[in-house]
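First comes the structure, then the notes that go with it.
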Amino acid sequence: MPPVKWLMHWHPSPGATVNSQILSEACGCAESLGGSKDGRWKTSIFFYRAMTRDGAGGPAGQQHPDLPRELLGVALHERPGLYFSIVRAQRLVLQADAAFPQVMEKLQSYRIRVALNFEGFQYQLGDFCLRIGKCVPNNSEALRGIMMEVEYYPLSSIKKSKAVMEDFFDIWQETVAKKSLPGQFIHVDSSFSDYGLSDQYSFQHTAVQYATCLQQLMAAVTVRG
């Protein structure tokens, strides 16, 4: 059973933009709390659009009635042998083999429209593991957002770990506030019960959190735009 994890994204102040300096300052905050750098990490998310009968991957043409219009695919850094698919409209999260994208391509039922990578540095901090990184399109360095994972090794129960995670989040926010950066990290609760997920944390929980985090990042981009 994997340990509990919270995902948080950087929410810029009105009129502010996301830049690499904020990412560097966030990493500095992890080190100022006593975190030791422990390698790199990378998680990828793919937007799939259902193929229409004329072979297009857009809204035009006829789509098979039994296929969801859109899927999210998540390849987690900690489970390279697995692949997670999320159908947000039906609140479904499915676990599959890492070869799932190749199967999708051969079946020609879905086409990848956008691929995004979340990547950065990992820090060990006592019973916590922090992963701070940027969100960038595949094969690009255009910064789309900044996010972080906070993992608490001793517990797998979401309810039992809530107070500890909230306390850590408060300390983190105080540390970041000292930098006087134009924005703050925000944690948005994912509706795990809507996806049929239990109190015991799993990799499916992480996949759902990435879907929630991505929605928040895209919403922030839209507002700034």
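How things are named: the first chain in the structure tokens is A, the next is B, and so on; residues count from 1 in each chain; ligands count from 1 in the order shown.
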
Stretch 2-220 of chain A: which residues are strand (DSSP E or B) by DSSP, as a VMD selection string?
-> chain A and resid 4 to 12 36 to 50 52 63 70 to 75 82 to 87 92 to 97 110 to 125 128 to 137 145 to 152 157 183 to 186 200

Using DSSP on the backbone coordinates, identify all residues within stretch 81-142 of chain A classified as helix (DSSP H, G or I); present the result as a list in words.
-> Phe100, Pro101, Gln102, Val103, Met104, Glu105, Lys106 and Leu107 of chain A

Restrict the selected residues to N, CA, C and O atoms and save them as a short mmCIF file (atom, residue, chain, number, x, y, z; two decimals), in the first residue's frame.
```cif
data_model
loop_
_atom_site.label_atom_id
_atom_site.label_comp_id
_atom_site.auth_asym_id
_atom_site.auth_seq_id
_atom_site.Cartn_x
_atom_site.Cartn_y
_atom_site.Cartn_z
N PHE A 100 -0.45 -0.07 -22.64
CA PHE A 100 -1.79 0.40 -22.99
C PHE A 100 -1.79 1.45 -24.10
O PHE A 100 -2.61 1.38 -25.03
N PRO A 101 -0.90 2.46 -24.06
CA PRO A 101 -0.90 3.47 -25.14
C PRO A 101 -0.67 2.86 -26.52
O PRO A 101 -1.27 3.29 -27.51
N GLN A 102 0.22 1.84 -26.60
CA GLN A 102 0.47 1.20 -27.88
C GLN A 102 -0.76 0.44 -28.38
O GLN A 102 -1.07 0.42 -29.57
N VAL A 103 -1.48 -0.19 -27.42
CA VAL A 103 -2.71 -0.89 -27.78
C VAL A 103 -3.74 0.10 -28.32
O VAL A 103 -4.41 -0.15 -29.33
N MET A 104 -3.86 1.26 -27.67
CA MET A 104 -4.81 2.29 -28.11
C MET A 104 -4.47 2.75 -29.53
O MET A 104 -5.35 2.97 -30.36
N GLU A 105 -3.17 2.89 -29.78
CA GLU A 105 -2.74 3.36 -31.10
C GLU A 105 -3.08 2.35 -32.18
O GLU A 105 -3.55 2.71 -33.27
N LYS A 106 -2.88 1.06 -31.88
CA LYS A 106 -3.17 0.01 -32.87
C LYS A 106 -4.67 -0.11 -33.13
O LYS A 106 -5.10 -0.37 -34.26
N LEU A 107 -5.46 0.05 -32.08
CA LEU A 107 -6.92 -0.04 -32.25
C LEU A 107 -7.49 1.18 -32.97
O LEU A 107 -8.60 1.13 -33.52
#
```

Counting only C-alpha atoms, the residue of A:Leu143, A:Ala207, A:Leu116, A:Leu155 that sits nearest A:Ile22 |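 Under the stated criterion, the closest residue is A:Leu143.
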
Which residues come within 7 Å of stretch 117-120 of chain A, counting only C-alpha atoms, excluding same-chain residues fewer than 5 positions away, as a ChimeraX atom specification?
-> /A:40-45,131-138

Keeping only all heavy atoms, write the selected residues as a CSV table (one decimal), in the first residue's frame.
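This is the output file out-v3.csv:
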```
chain,number,residue,atom,x,y,z
A,40,ARG,N,15.8,13.0,-9.5
A,40,ARG,CA,14.8,13.6,-10.3
A,40,ARG,C,13.6,12.7,-10.4
A,40,ARG,O,13.7,11.5,-10.1
A,40,ARG,CB,15.3,14.0,-11.7
A,40,ARG,CG,16.5,15.0,-11.6
A,40,ARG,CD,16.9,15.4,-13.0
A,40,ARG,NE,15.8,16.1,-13.7
A,40,ARG,CZ,15.7,17.5,-13.6
A,40,ARG,NH1,16.6,18.2,-12.9
A,40,ARG,NH2,14.7,18.1,-14.2
A,41,TRP,N,12.5,13.3,-10.9
A,41,TRP,CA,11.3,12.5,-11.1
A,41,TRP,C,10.5,13.1,-12.3
A,41,TRP,O,10.7,14.2,-12.7
A,41,TRP,CB,10.4,12.5,-9.8
A,41,TRP,CG,9.9,13.9,-9.5
A,41,TRP,CD1,10.5,14.8,-8.8
A,41,TRP,CD2,8.6,14.5,-9.9
A,41,TRP,NE1,9.8,16.0,-8.7
A,41,TRP,CE2,8.6,15.8,-9.4
A,41,TRP,CE3,7.5,14.0,-10.6
A,41,TRP,CZ2,7.5,16.7,-9.6
A,41,TRP,CZ3,6.4,14.9,-10.8
A,41,TRP,CH2,6.4,16.2,-10.3
A,42,LYS,N,9.6,12.2,-12.9
A,42,LYS,CA,8.9,12.7,-14.0
A,42,LYS,C,7.6,11.9,-14.1
A,42,LYS,O,7.6,10.6,-14.1
A,42,LYS,CB,9.7,12.5,-15.3
A,42,LYS,CG,8.9,12.9,-16.6
A,42,LYS,CD,9.8,12.7,-17.8
A,42,LYS,CE,9.1,12.9,-19.1
A,42,LYS,NZ,10.0,12.7,-20.2
A,43,THR,N,6.4,12.6,-14.2
A,43,THR,CA,5.1,11.9,-14.4
A,43,THR,C,4.6,12.6,-15.7
A,43,THR,O,4.7,13.8,-15.9
A,43,THR,CB,4.2,12.2,-13.2
A,43,THR,OG1,4.6,11.3,-12.2
A,43,THR,CG2,2.7,11.9,-13.6
A,44,SER,N,3.9,11.8,-16.5
A,44,SER,CA,3.4,12.3,-17.8
A,44,SER,C,1.9,12.1,-17.8
A,44,SER,O,1.3,11.1,-17.4
A,44,SER,CB,4.0,11.6,-19.0
A,44,SER,OG,5.4,11.8,-19.0
A,45,ILE,N,1.2,13.1,-18.4
A,45,ILE,CA,-0.3,13.0,-18.7
A,45,ILE,C,-0.5,13.2,-20.1
A,45,ILE,O,0.1,14.0,-20.8
A,45,ILE,CB,-1.0,14.1,-17.8
A,45,ILE,CG1,-0.9,13.8,-16.3
A,45,ILE,CG2,-2.5,14.2,-18.2
A,45,ILE,CD1,-1.7,14.7,-15.5
A,131,ARG,N,8.3,16.4,-3.8
A,131,ARG,CA,8.7,16.5,-5.2
A,131,ARG,C,8.2,17.8,-5.8
A,131,ARG,O,7.0,18.0,-5.8
A,131,ARG,CB,8.1,15.3,-6.0
A,131,ARG,CG,8.7,13.9,-5.4
A,131,ARG,CD,8.1,12.7,-6.2
A,131,ARG,NE,8.6,11.5,-5.6
A,131,ARG,CZ,7.9,10.8,-4.7
A,131,ARG,NH1,6.7,11.2,-4.3
A,131,ARG,NH2,8.4,9.7,-4.2
A,132,ILE,N,9.1,18.6,-6.2
A,132,ILE,CA,8.7,19.9,-6.7
A,132,ILE,C,9.1,20.0,-8.2
A,132,ILE,O,10.2,19.6,-8.6
A,132,ILE,CB,9.4,21.0,-6.0
A,132,ILE,CG1,9.1,20.9,-4.5
A,132,ILE,CG2,9.1,22.4,-6.5
A,132,ILE,CD1,10.0,21.8,-3.6
A,133,GLY,N,8.2,20.4,-9.0
A,133,GLY,CA,8.5,20.4,-10.5
A,133,GLY,C,7.6,21.3,-11.3
A,133,GLY,O,6.8,22.0,-10.8
A,134,LYS,N,7.9,21.3,-12.6
A,134,LYS,CA,7.3,22.1,-13.6
A,134,LYS,C,6.4,21.3,-14.4
A,134,LYS,O,6.6,20.1,-14.6
A,134,LYS,CB,8.3,22.9,-14.4
A,134,LYS,CG,9.2,21.9,-15.2
A,134,LYS,CD,10.3,22.6,-15.9
A,134,LYS,CE,11.3,21.7,-16.6
A,134,LYS,NZ,12.4,22.4,-17.3
A,135,CYS,N,5.4,21.9,-15.0
A,135,CYS,CA,4.5,21.3,-16.0
A,135,CYS,C,4.8,21.9,-17.4
A,135,CYS,O,4.7,23.1,-17.6
A,135,CYS,CB,3.0,21.5,-15.7
A,135,CYS,SG,1.9,21.0,-16.9
A,136,VAL,N,5.3,21.0,-18.3
A,136,VAL,CA,5.7,21.5,-19.6
A,136,VAL,C,5.1,20.6,-20.7
A,136,VAL,O,5.0,19.4,-20.4
A,136,VAL,CB,7.2,21.6,-19.8
A,136,VAL,CG1,7.8,22.7,-18.9
A,136,VAL,CG2,7.9,20.2,-19.5
A,137,PRO,N,4.8,21.1,-21.9
A,137,PRO,CA,4.4,20.2,-22.9
A,137,PRO,C,5.5,19.3,-23.4
A,137,PRO,O,6.7,19.6,-23.2
A,137,PRO,CB,4.0,21.2,-24.1
A,137,PRO,CG,3.8,22.5,-23.4
A,137,PRO,CD,4.8,22.5,-22.3
A,138,ASN,N,5.2,18.1,-23.9
A,138,ASN,CA,6.2,17.2,-24.4
A,138,ASN,C,7.0,17.8,-25.5
A,138,ASN,O,6.5,18.5,-26.3
A,138,ASN,CB,5.5,15.9,-24.9
A,138,ASN,CG,6.5,14.7,-25.0
A,138,ASN,OD1,7.4,14.6,-24.2
A,138,ASN,ND2,6.2,13.8,-25.9
```

Residue contacts of stretch 68-81 of chain A (6 Å, only C-alpha atoms) excluding same-chain residues fewer than 3 positions away, as a list in words | Lys42, Thr43, Ser44, Ile45, Phe46, Phe47, Tyr48, Arg49, Ala50, Phe84, Ser85, Ile86, Val87 and Ala98 of chain A

Let me see the file: selected residues, N, CA, C and O atoms, as a short mmCIF file (atom, residue, chain, number, x, y, z; two decimals), in the first residue's frame.
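Now in again_30.cif:
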```cif
data_model
loop_
_atom_site.label_atom_id
_atom_site.label_comp_id
_atom_site.auth_asym_id
_atom_site.auth_seq_id
_atom_site.Cartn_x
_atom_site.Cartn_y
_atom_site.Cartn_z
N LYS A 42 9.63 12.23 -12.85
CA LYS A 42 8.85 12.68 -14.02
C LYS A 42 7.57 11.87 -14.12
O LYS A 42 7.59 10.64 -14.14
N THR A 43 6.44 12.56 -14.17
CA THR A 43 5.14 11.94 -14.41
C THR A 43 4.56 12.58 -15.67
O THR A 43 4.71 13.79 -15.88
N SER A 44 3.92 11.78 -16.51
CA SER A 44 3.38 12.28 -17.78
C SER A 44 1.87 12.09 -17.84
O SER A 44 1.34 11.09 -17.35
N ILE A 45 1.19 13.07 -18.45
CA ILE A 45 -0.25 13.01 -18.65
C ILE A 45 -0.54 13.20 -20.14
O ILE A 45 0.07 14.04 -20.80
N PHE A 46 -1.49 12.39 -20.64
CA PHE A 46 -1.85 12.44 -22.05
C PHE A 46 -3.35 12.69 -22.20
O PHE A 46 -4.15 12.04 -21.55
N PHE A 47 -3.70 13.64 -23.05
CA PHE A 47 -5.10 13.89 -23.38
C PHE A 47 -5.44 13.08 -24.63
O PHE A 47 -4.82 13.28 -25.68
N TYR A 48 -6.41 12.20 -24.52
CA TYR A 48 -6.87 11.43 -25.67
C TYR A 48 -8.23 11.95 -26.14
O TYR A 48 -9.11 12.23 -25.33
N ARG A 49 -8.41 12.05 -27.44
CA ARG A 49 -9.70 12.36 -28.03
C ARG A 49 -10.14 11.16 -28.87
O ARG A 49 -9.35 10.61 -29.64
N ALA A 50 -11.41 10.75 -28.73
CA ALA A 50 -11.92 9.60 -29.48
C ALA A 50 -11.85 9.86 -30.98
O ALA A 50 -12.16 10.96 -31.45
N PHE A 84 -2.44 4.52 -16.08
CA PHE A 84 -3.76 4.77 -15.52
C PHE A 84 -4.58 5.61 -16.50
O PHE A 84 -4.08 6.61 -17.04
N SER A 85 -5.83 5.17 -16.71
CA SER A 85 -6.73 5.91 -17.60
C SER A 85 -7.88 6.47 -16.77
O SER A 85 -8.44 5.77 -15.92
N ILE A 86 -8.22 7.71 -17.02
CA ILE A 86 -9.29 8.38 -16.29
C ILE A 86 -10.35 8.88 -17.27
O ILE A 86 -10.02 9.58 -18.24
N VAL A 87 -11.60 8.46 -17.03
CA VAL A 87 -12.73 8.98 -17.79
C VAL A 87 -13.46 9.93 -16.84
O VAL A 87 -14.22 9.49 -15.97
N ALA A 98 1.67 -0.95 -18.88
CA ALA A 98 2.34 0.20 -19.49
C ALA A 98 2.22 0.19 -21.02
O ALA A 98 2.43 1.23 -21.66
#
```

Between atom CA of A:Phe203 and atom CA of A:Ile146, what is the spacing in Å?
->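 Computing it gives 21.1 Å between the two atoms.
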
Sorted by chain and rising residue number, list the residues of stretch 184-215 of chain A at most 8 Å from stretch 6-20 of chain A (counting only C-alpha atoms), each with its closest atom pair and distance in Å to one decimal, as a Markdown table.
```
| residue | atom | partner | partner_atom | distance |
| --- | --- | --- | --- | --- |
| A:Gln184 | CA | A:His11 | CA | 5.4 |
| A:Phe185 | CA | A:Trp10 | CA | 4.4 |
| A:Ile186 | CA | A:Met8 | CA | 5.3 |
| A:His187 | CA | A:Met8 | CA | 4.5 |
| A:Val188 | CA | A:Met8 | CA | 7.2 |
| A:Gln209 | CA | A:Leu7 | CA | 6.4 |
| A:Tyr210 | CA | A:Leu7 | CA | 7.3 |
| A:Cys213 | CA | A:His9 | CA | 6.4 |
```

How many Å separate atom CA of A:Arg91 from atom CA of A:Asp194?
-> 6.3 Å

Could you name the residues that touch A:Phe168 at 10 Å or less, counting only C-alpha atoms, but leaving out those on the same chain fewer than 5 positions away, as number ranges by chain?
-> A: 128, 150, 152, 162-163, 173-174

Taking only C-alpha atoms into account, which of A:Cys129, A:Val114, A:Leu23, A:Leu82 comes nearest A:Gly35?
->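 Nearest candidate to A:Gly35 out of A:Cys129, A:Val114, A:Leu23, A:Leu82: A:Cys129.
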
Separation of atom CA of A:Asp199 from atom CA of A:Phe169, in Å and rounded to one decimal |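 Result for atom CA of A:Asp199 versus atom CA of A:Phe169: 20.0 Å, one decimal.
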
Counting only C-alpha atoms, figure out which residue out of A:Tyr201, A:Met51, A:Glu25, A:Lys178 gets nearest to A:Lys159.
->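 When distances to A:Lys159 are compared using only C-alpha atoms, the smallest one comes from A:Tyr201.
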
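Closest to A:Ser193 among A:Leu92, A:Leu181, A:Ala142, A:Lys160 is A:Leu92, based on only C-alpha atoms.
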